[in-house]
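In what follows, a structure is listed as structure tokens, so that the remarks can point back to it.
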Protein chains: 2
Amino acid sequence: MVTTRRTGLREQKKQATREALSAAALRLALERGPDNVRVDDIAEAVGVSSRTYNNYFSSREQAIVAAVNSEREARIAAAVADQPDGVGLAAAVIEAIVDQYTAPGVPSREALLLITARPALRDAFVDTTSAIEHPLTDAIAGRLGDIDPHTARVLAASVAAAVRVAIEQWLRTTAASFTAGGLVVPSGSLPDLLRTTLAPLAPALDAAEQRARRRDQ
Amino acid sequence: MVTTRRTGLREQKKQATREALSAAALRLALERGPDNVRVDDIAEAVGVSSRTYNNYFSSREQAIVAAVNSEREARIAAAVADQPDGVGLAAAVIEAIVDQYTAPGVPSREALLLITARPALRDAFVDTTSAIEHPLTDAIAGRLGDIDPHTARVLAASVAAAVRVAIEQWLRTTAASFTAGGLVVPSGSLPDLLRTTLAPLAPALDAAEQRARRRDQ
DNA sequence: GCAGAAAAGTGCGTGCACGCAAGTTTGCGT
DNA sequence: ACGCAAACTTGCGTGCACGCACTTTTCTGC
């Protein structure tokens, strides 16, 4: 079994407390407003020390956005790997990402409002995009037959950067729509934005795939 | 005159204290070792309050690496813009970046040793790569005739990401060569690494240029 | 099962980042 | 010259991140 890697019960418990912490962080932030939540409160709500909290999250904001972003990285990587082989690398990556960011999943409307409102939370949210980098590197390397170790890393990093640009832009227009008065929730069509920002990278992705294929033979 | 943008004397003084702070930070770090330098010490050495220090740098490490990285962003952007028009976008970007990272310029040997030794400083150093993003966006947009605003941003962000990968790799092998015992200074051929990591992006850069050229006519 | 090792949790102490609400300097218009 | 407005600086207070040393829990080999 390659399932759990590392001891089972230990890792299981760690994930449990991690999720408990981020869930509590989000809940408290929604209840009281983000400025009225101390790290100690979150830790206490879960029943651990505040020092332990910092072993899981290295900033207060991280815990909150983690509740919204939970496991998106892994799902993107899996989605890339699952695309049929007939599909080109660029199409595979783009579809996988758009899919995973389109599926509303966890992000409740209120949570998104919360995040878009506070600059610190928005920054933390933007930062989460880099989390897809490592899983995506593995997924791309798998498709390329991982010949040159750097190529997959660079492509994954570039894709993550493009996603970041899309989210920054999305948050920007979102913020604007707030100040404009309309309390309309975001969704300035994130999927469209993602396709737009990922499009310029398609030639690089496909070219890498071509080179890999050529070397394979 | 578009030179100084914003009032002259004010901005001049700001730059002066900024440089004084980062210079003092590096000097003190070299003299005493980075762990024996408090933010208060740096501020005091320059003659400002520690609160003012934080108006210029948002972390202690930032000031130190800024002394090494001074103005590299602007020089890269200028170098891209200066490449002759005959050169393709990919080649222009790659040459400009390699040039600017090859020129040893400021980074004294001791300073690099200092940075590569401490994880916190290494992280801060890696983070500086994202600083080239905005100037590079402008430079690329200039070459593309900035039609689609997102394309230049994505390409610049991707290039920055590739540079980051190169530097991470460079620091990794550097650290390894330390633990291996040899006190040999880095330079595991950063230029070569940069060319390697930037290569996969060449198709994207050139494709964007082609599209821009096609639209221009 | 048990003993020792490995890993996670915790308390303490320290330095730091940053909001806020003053005080101080700089620059510009008249 | 002069005075006002904007920009920069500063002191204070607060919460937070994190190293370190230590306790408690979990895992592994016998």
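Residue numbering restarts at 1 for every chain of the structure tokens, chains are lettered A, B, ... in their displayed order, and ligands are numbered from 1 as they appear.
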| request: Could you list, as a PyMOL selection string, the residues of chain B having an atom within 9 Å of chain C when counting only C-alpha atoms (C1' of nucleotides)? | output: chain B and resi 7+9-10+38-39+51+54+58-60
| request: Compile the residues of chain D that lie within 10 Å of chain B, evaluated using only C-alpha atoms (C1' of nucleotides), and express the compilation as a ChimeraX atom specification. | output: /D:7-11
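Taking only C-alpha atoms (C1' of nucleotides), the non-local environment of Asp146 (chain A) within 10 Å (same-chain residues fewer than 6 positions away omitted) comprises Thr137, Asp138, Ala139, Ile140, Ala152 and Ala212 of chain A.
Counting only C-alpha atoms, the residue from A:Glu73, A:Glu133, A:Glu110, A:Asp216 that sits nearest to chain B is A:Glu133.
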| 6 Å contacts from chain A to chain B using only C-alpha atoms, as a list of chain:residue names | A:Val154, A:Ala157, A:Ser158, A:Ala161, A:Ala162, A:Leu201, A:Pro203, A:Ala204
Include N, CA and C atoms and write out the residues we just selected as a CSV table (one decimal), in the first residue's frame.
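Final output, saved to result-v6.csv:
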chain,number,residue,atom,x,y,z
A,154,VAL,N,9.2,24.1,-13.8
A,154,VAL,CA,9.0,25.4,-14.4
A,154,VAL,C,7.6,25.5,-14.9
A,157,ALA,N,5.1,25.8,-12.1
A,157,ALA,CA,5.3,27.1,-11.4
A,157,ALA,C,4.6,28.2,-12.3
A,158,SER,N,4.8,28.0,-13.6
A,158,SER,CA,4.2,29.0,-14.5
A,158,SER,C,2.7,28.9,-14.4
A,161,ALA,N,1.5,30.5,-11.4
A,161,ALA,CA,1.6,31.9,-11.5
A,161,ALA,C,0.4,32.5,-12.3
A,162,ALA,N,0.0,31.8,-13.4
A,162,ALA,CA,-1.1,32.2,-14.2
A,162,ALA,C,-2.4,32.2,-13.4
A,201,LEU,N,0.2,30.2,-21.9
A,201,LEU,CA,1.1,29.1,-21.6
A,201,LEU,C,0.9,27.9,-22.4
A,203,PRO,N,1.3,27.2,-25.5
A,203,PRO,CA,2.4,26.8,-26.4
A,203,PRO,C,3.5,26.1,-25.7
A,204,ALA,N,3.8,26.6,-24.5
A,204,ALA,CA,4.9,26.1,-23.7
A,204,ALA,C,4.6,24.6,-23.3
Taking the chain letters and numbering used in this document, name the residues of region 104-213 of chain A that DSSP puts in alpha helix (DSSP H), as an mmCIF file with N, CA and C atoms, in the first residue's frame.
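And here's part.cif as it stands now:
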data_model
loop_
_atom_site.group_PDB
_atom_site.id
_atom_site.type_symbol
_atom_site.label_atom_id
_atom_site.label_comp_id
_atom_site.auth_asym_id
_atom_site.auth_seq_id
_atom_site.Cartn_x
_atom_site.Cartn_y
_atom_site.Cartn_z
ATOM 1 N N ARG A 109 -20.790 31.240 0.281
ATOM 2 C CA ARG A 109 -20.866 32.631 -0.131
ATOM 3 C C ARG A 109 -20.325 33.564 0.957
ATOM 4 N N GLU A 110 -20.738 33.309 2.175
ATOM 5 C CA GLU A 110 -20.309 34.179 3.271
ATOM 6 C C GLU A 110 -18.795 34.146 3.424
ATOM 7 N N ALA A 111 -18.234 32.948 3.295
ATOM 8 C CA ALA A 111 -16.794 32.827 3.460
ATOM 9 C C ALA A 111 -16.066 33.660 2.419
ATOM 10 N N LEU A 112 -16.548 33.625 1.196
ATOM 11 C CA LEU A 112 -15.906 34.409 0.148
ATOM 12 C C LEU A 112 -16.035 35.898 0.415
ATOM 13 N N LEU A 113 -17.182 36.297 0.901
ATOM 14 C CA LEU A 113 -17.354 37.708 1.244
ATOM 15 C C LEU A 113 -16.342 38.110 2.299
ATOM 16 N N LEU A 114 -16.220 37.247 3.281
ATOM 17 C CA LEU A 114 -15.269 37.513 4.358
ATOM 18 C C LEU A 114 -13.869 37.715 3.808
ATOM 19 N N ILE A 115 -13.457 36.793 2.943
ATOM 20 C CA ILE A 115 -12.091 36.832 2.429
ATOM 21 C C ILE A 115 -11.863 38.045 1.539
ATOM 22 N N THR A 116 -12.804 38.303 0.660
ATOM 23 C CA THR A 116 -12.608 39.412 -0.260
ATOM 24 C C THR A 116 -12.608 40.748 0.461
ATOM 25 N N ALA A 117 -13.192 40.780 1.637
ATOM 26 C CA ALA A 117 -13.306 42.058 2.343
ATOM 27 C C ALA A 117 -11.985 42.474 2.976
ATOM 28 N N PRO A 119 -8.033 42.722 3.374
ATOM 29 C CA PRO A 119 -6.805 42.616 2.570
ATOM 30 C C PRO A 119 -5.901 41.477 3.021
ATOM 31 N N ALA A 120 -5.746 41.321 4.332
ATOM 32 C CA ALA A 120 -4.843 40.273 4.801
ATOM 33 C C ALA A 120 -5.332 38.905 4.359
ATOM 34 N N LEU A 121 -6.640 38.736 4.389
ATOM 35 C CA LEU A 121 -7.196 37.445 3.965
ATOM 36 C C LEU A 121 -7.083 37.271 2.458
ATOM 37 N N ARG A 122 -7.273 38.345 1.740
ATOM 38 C CA ARG A 122 -7.115 38.237 0.288
ATOM 39 C C ARG A 122 -5.694 37.829 -0.058
ATOM 40 N N ASP A 123 -4.730 38.449 0.587
ATOM 41 C CA ASP A 123 -3.340 38.078 0.323
ATOM 42 C C ASP A 123 -3.097 36.611 0.624
ATOM 43 N N ALA A 124 -3.605 36.178 1.754
ATOM 44 C CA ALA A 124 -3.407 34.781 2.123
ATOM 45 C C ALA A 124 -4.062 33.869 1.093
ATOM 46 N N PHE A 125 -5.216 34.285 0.617
ATOM 47 C CA PHE A 125 -5.933 33.490 -0.381
ATOM 48 C C PHE A 125 -5.120 33.403 -1.668
ATOM 49 N N VAL A 126 -4.585 34.513 -2.091
ATOM 50 C CA VAL A 126 -3.751 34.522 -3.291
ATOM 51 C C VAL A 126 -2.542 33.606 -3.102
ATOM 52 N N ASP A 127 -1.987 33.635 -1.925
ATOM 53 C CA ASP A 127 -0.790 32.830 -1.678
ATOM 54 C C ASP A 127 -1.056 31.334 -1.806
ATOM 55 N N GLU A 133 1.619 24.008 -6.789
ATOM 56 C CA GLU A 133 2.835 23.846 -7.566
ATOM 57 C C GLU A 133 3.429 22.443 -7.455
ATOM 58 N N HIS A 134 3.593 21.962 -6.251
ATOM 59 C CA HIS A 134 4.249 20.663 -6.114
ATOM 60 C C HIS A 134 3.411 19.502 -6.655
ATOM 61 N N PRO A 135 2.142 19.416 -6.260
ATOM 62 C CA PRO A 135 1.348 18.332 -6.846
ATOM 63 C C PRO A 135 1.313 18.409 -8.360
ATOM 64 N N LEU A 136 1.200 19.639 -8.850
ATOM 65 C CA LEU A 136 1.116 19.808 -10.299
ATOM 66 C C LEU A 136 2.425 19.413 -10.971
ATOM 67 N N THR A 137 3.522 19.696 -10.326
ATOM 68 C CA THR A 137 4.808 19.271 -10.864
ATOM 69 C C THR A 137 4.831 17.762 -11.069
ATOM 70 N N ASP A 138 4.363 17.039 -10.058
ATOM 71 C CA ASP A 138 4.344 15.580 -10.173
ATOM 72 C C ASP A 138 3.433 15.128 -11.305
ATOM 73 N N ALA A 139 2.268 15.758 -11.385
ATOM 74 C CA ALA A 139 1.311 15.358 -12.415
ATOM 75 C C ALA A 139 1.878 15.602 -13.809
ATOM 76 N N ILE A 140 2.475 16.773 -13.995
ATOM 77 C CA ILE A 140 3.051 17.094 -15.305
ATOM 78 C C ILE A 140 4.237 16.191 -15.605
ATOM 79 N N ALA A 141 5.057 15.976 -14.600
ATOM 80 C CA ALA A 141 6.210 15.091 -14.801
ATOM 81 C C ALA A 141 5.734 13.701 -15.215
ATOM 82 N N GLY A 142 4.631 13.270 -14.607
ATOM 83 C CA GLY A 142 4.086 11.966 -14.964
ATOM 84 C C GLY A 142 3.705 11.918 -16.438
ATOM 85 N N ARG A 143 3.126 12.996 -16.919
ATOM 86 C CA ARG A 143 2.694 13.019 -18.322
ATOM 87 C C ARG A 143 3.871 13.182 -19.278
ATOM 88 N N LEU A 144 4.901 13.835 -18.801
ATOM 89 C CA LEU A 144 6.052 14.065 -19.679
ATOM 90 C C LEU A 144 7.051 12.913 -19.612
ATOM 91 N N PRO A 149 14.116 17.112 -15.135
ATOM 92 C CA PRO A 149 13.396 17.405 -13.885
ATOM 93 C C PRO A 149 12.953 18.864 -13.778
ATOM 94 N N HIS A 150 13.703 19.749 -14.451
ATOM 95 C CA HIS A 150 13.376 21.165 -14.287
ATOM 96 C C HIS A 150 12.154 21.580 -15.097
ATOM 97 N N THR A 151 11.966 20.970 -16.238
ATOM 98 C CA THR A 151 10.876 21.397 -17.113
ATOM 99 C C THR A 151 9.523 21.329 -16.415
ATOM 100 N N ALA A 152 9.252 20.220 -15.796
ATOM 101 C CA ALA A 152 7.961 20.071 -15.121
ATOM 102 C C ALA A 152 7.810 21.110 -14.024
ATOM 103 N N ARG A 153 8.871 21.343 -13.289
ATOM 104 C CA ARG A 153 8.795 22.328 -12.212
ATOM 105 C C ARG A 153 8.485 23.715 -12.761
ATOM 106 N N VAL A 154 9.180 24.082 -13.812
ATOM 107 C CA VAL A 154 8.973 25.414 -14.381
ATOM 108 C C VAL A 154 7.553 25.550 -14.926
ATOM 109 N N LEU A 155 7.097 24.526 -15.618
ATOM 110 C CA LEU A 155 5.747 24.605 -16.171
ATOM 111 C C LEU A 155 4.711 24.682 -15.064
ATOM 112 N N ALA A 156 4.887 23.879 -14.050
ATOM 113 C CA ALA A 156 3.937 23.901 -12.934
ATOM 114 C C ALA A 156 3.965 25.261 -12.249
ATOM 115 N N ALA A 157 5.144 25.776 -12.056
ATOM 116 C CA ALA A 157 5.261 27.084 -11.406
ATOM 117 C C ALA A 157 4.614 28.164 -12.264
ATOM 118 N N SER A 158 4.781 28.045 -13.566
ATOM 119 C CA SER A 158 4.175 29.034 -14.455
ATOM 120 C C SER A 158 2.660 28.939 -14.433
ATOM 121 N N VAL A 159 2.164 27.723 -14.428
ATOM 122 C CA VAL A 159 0.714 27.544 -14.361
ATOM 123 C C VAL A 159 0.184 28.129 -13.055
ATOM 124 N N ALA A 160 0.876 27.851 -11.980
ATOM 125 C CA ALA A 160 0.452 28.404 -10.694
ATOM 126 C C ALA A 160 0.467 29.921 -10.746
ATOM 127 N N ALA A 161 1.466 30.470 -11.402
ATOM 128 C CA ALA A 161 1.554 31.921 -11.517
ATOM 129 C C ALA A 161 0.378 32.467 -12.324
ATOM 130 N N ALA A 162 0.034 31.778 -13.380
ATOM 131 C CA ALA A 162 -1.095 32.227 -14.200
ATOM 132 C C ALA A 162 -2.389 32.171 -13.394
ATOM 133 N N VAL A 163 -2.545 31.124 -12.613
ATOM 134 C CA VAL A 163 -3.737 31.014 -11.764
ATOM 135 C C VAL A 163 -3.757 32.166 -10.766
ATOM 136 N N ARG A 164 -2.593 32.461 -10.230
ATOM 137 C CA ARG A 164 -2.514 33.566 -9.280
ATOM 138 C C ARG A 164 -2.948 34.871 -9.933
ATOM 139 N N VAL A 165 -2.464 35.107 -11.145
ATOM 140 C CA VAL A 165 -2.847 36.332 -11.850
ATOM 141 C C VAL A 165 -4.362 36.383 -12.027
ATOM 142 N N ALA A 166 -4.935 35.257 -12.387
ATOM 143 C CA ALA A 166 -6.393 35.219 -12.582
ATOM 144 C C ALA A 166 -7.113 35.561 -11.288
ATOM 145 N N ILE A 167 -6.653 34.995 -10.203
ATOM 146 C CA ILE A 167 -7.333 35.238 -8.931
ATOM 147 C C ILE A 167 -7.127 36.666 -8.460
ATOM 148 N N GLU A 168 -5.946 37.183 -8.687
ATOM 149 C CA GLU A 168 -5.724 38.592 -8.336
ATOM 150 C C GLU A 168 -6.691 39.480 -9.100
ATOM 151 N N GLN A 169 -6.785 39.222 -10.381
ATOM 152 C CA GLN A 169 -7.681 40.019 -11.213
ATOM 153 C C GLN A 169 -9.121 39.867 -10.754
ATOM 154 N N TRP A 170 -9.467 38.659 -10.435
ATOM 155 C CA TRP A 170 -10.838 38.371 -9.989
ATOM 156 C C TRP A 170 -11.140 39.114 -8.695
ATOM 157 N N LEU A 171 -10.197 39.090 -7.797
ATOM 158 C CA LEU A 171 -10.390 39.799 -6.531
ATOM 159 C C LEU A 171 -10.449 41.300 -6.765
ATOM 160 N N ARG A 172 -9.686 41.761 -7.733
ATOM 161 C CA ARG A 172 -9.662 43.195 -8.001
ATOM 162 C C ARG A 172 -11.034 43.668 -8.472
ATOM 163 N N THR A 173 -11.562 43.000 -9.486
ATOM 164 C CA THR A 173 -12.875 43.394 -9.995
ATOM 165 C C THR A 173 -13.939 43.183 -8.938
ATOM 166 N N THR A 174 -13.748 42.156 -8.137
ATOM 167 C CA THR A 174 -14.692 41.896 -7.061
ATOM 168 C C THR A 174 -14.715 43.061 -6.093
ATOM 169 N N ALA A 175 -13.551 43.467 -5.671
ATOM 170 C CA ALA A 175 -13.454 44.583 -4.743
ATOM 171 C C ALA A 175 -14.094 45.820 -5.357
ATOM 172 N N ALA A 176 -13.830 46.031 -6.633
ATOM 173 C CA ALA A 176 -14.404 47.185 -7.306
ATOM 174 C C ALA A 176 -15.927 47.129 -7.275
ATOM 175 N N SER A 177 -16.465 45.963 -7.506
ATOM 176 C CA SER A 177 -17.918 45.844 -7.529
ATOM 177 C C SER A 177 -18.505 46.093 -6.154
ATOM 178 N N PHE A 178 -17.706 45.884 -5.128
ATOM 179 C CA PHE A 178 -18.166 46.192 -3.783
ATOM 180 C C PHE A 178 -18.237 47.696 -3.575
ATOM 181 N N THR A 179 -17.103 48.320 -3.839
ATOM 182 C CA THR A 179 -17.066 49.758 -3.617
ATOM 183 C C THR A 179 -18.082 50.452 -4.506
ATOM 184 N N LEU A 190 -14.815 33.575 -12.935
ATOM 185 C CA LEU A 190 -13.464 33.064 -12.693
ATOM 186 C C LEU A 190 -13.038 32.069 -13.767
ATOM 187 N N PRO A 191 -13.880 31.155 -14.161
ATOM 188 C CA PRO A 191 -13.471 30.201 -15.208
ATOM 189 C C PRO A 191 -12.964 30.903 -16.458
ATOM 190 N N ASP A 192 -13.690 31.934 -16.904
ATOM 191 C CA ASP A 192 -13.224 32.654 -18.089
ATOM 192 C C ASP A 192 -11.865 33.285 -17.856
ATOM 193 N N LEU A 193 -11.733 33.895 -16.695
ATOM 194 C CA LEU A 193 -10.450 34.514 -16.375
ATOM 195 C C LEU A 193 -9.329 33.483 -16.394
ATOM 196 N N LEU A 194 -9.586 32.340 -15.806
ATOM 197 C CA LEU A 194 -8.560 31.289 -15.771
ATOM 198 C C LEU A 194 -8.166 30.877 -17.185
ATOM 199 N N ARG A 195 -9.146 30.696 -18.035
ATOM 200 C CA ARG A 195 -8.818 30.317 -19.415
ATOM 201 C C ARG A 195 -7.977 31.400 -20.080
ATOM 202 N N THR A 196 -8.327 32.631 -19.808
ATOM 203 C CA THR A 196 -7.583 33.730 -20.426
ATOM 204 C C THR A 196 -6.128 33.761 -19.962
ATOM 205 N N THR A 197 -5.916 33.610 -18.669
ATOM 206 C CA THR A 197 -4.541 33.713 -18.179
ATOM 207 C C THR A 197 -3.736 32.457 -18.493
ATOM 208 N N LEU A 198 -4.412 31.338 -18.613
ATOM 209 C CA LEU A 198 -3.665 30.103 -18.898
ATOM 210 C C LEU A 198 -3.347 29.971 -20.382
ATOM 211 N N ALA A 202 -0.157 27.794 -23.097
ATOM 212 C CA ALA A 202 -0.444 26.584 -23.871
ATOM 213 C C ALA A 202 0.706 26.201 -24.802
ATOM 214 N N PRO A 203 1.291 27.155 -25.532
ATOM 215 C CA PRO A 203 2.395 26.767 -26.425
ATOM 216 C C PRO A 203 3.547 26.120 -25.676
ATOM 217 N N ALA A 204 3.838 26.625 -24.504
ATOM 218 C CA ALA A 204 4.947 26.062 -23.738
ATOM 219 C C ALA A 204 4.626 24.640 -23.293
ATOM 220 N N LEU A 205 3.401 24.438 -22.827
ATOM 221 C CA LEU A 205 3.013 23.105 -22.362
ATOM 222 C C LEU A 205 3.052 22.097 -23.519
ATOM 223 N N ASP A 206 2.479 22.496 -24.628
ATOM 224 C CA ASP A 206 2.434 21.560 -25.754
ATOM 225 C C ASP A 206 3.818 21.307 -26.326
ATOM 226 N N ALA A 207 4.630 22.351 -26.369
ATOM 227 C CA ALA A 207 5.989 22.166 -26.884
ATOM 228 C C ALA A 207 6.768 21.193 -26.012
ATOM 229 N N ALA A 208 6.606 21.311 -24.713
ATOM 230 C CA ALA A 208 7.303 20.392 -23.817
ATOM 231 C C ALA A 208 6.834 18.963 -24.068
ATOM 232 N N GLU A 209 5.540 18.821 -24.298
ATOM 233 C CA GLU A 209 5.003 17.478 -24.551
ATOM 234 C C GLU A 209 5.571 16.909 -25.847
ATOM 235 N N GLN A 210 5.668 17.765 -26.859
ATOM 236 C CA GLN A 210 6.237 17.307 -28.127
ATOM 237 C C GLN A 210 7.667 16.836 -27.937
ATOM 238 N N ARG A 211 8.436 17.647 -27.232
ATOM 239 C CA ARG A 211 9.847 17.276 -27.021
ATOM 240 C C ARG A 211 9.960 15.964 -26.260
ATOM 241 N N ALA A 212 9.105 15.812 -25.258
ATOM 242 C CA ALA A 212 9.148 14.578 -24.469
ATOM 243 C C ALA A 212 8.816 13.378 -25.352
ATOM 244 N N ARG A 213 7.800 13.581 -26.196
ATOM 245 C CA ARG A 213 7.375 12.481 -27.068
ATOM 246 C C ARG A 213 8.492 12.108 -28.029
#
| field | CA of Glu61 (chain A) to CA of Tyr101 (chain A), distance in Å rounded to a single decimal | value | 20.4 Å
| field | Two-atom distance - CA of Ala96 (chain A), CA of Ala79 (chain A) (Å) | value | 5.1 Å
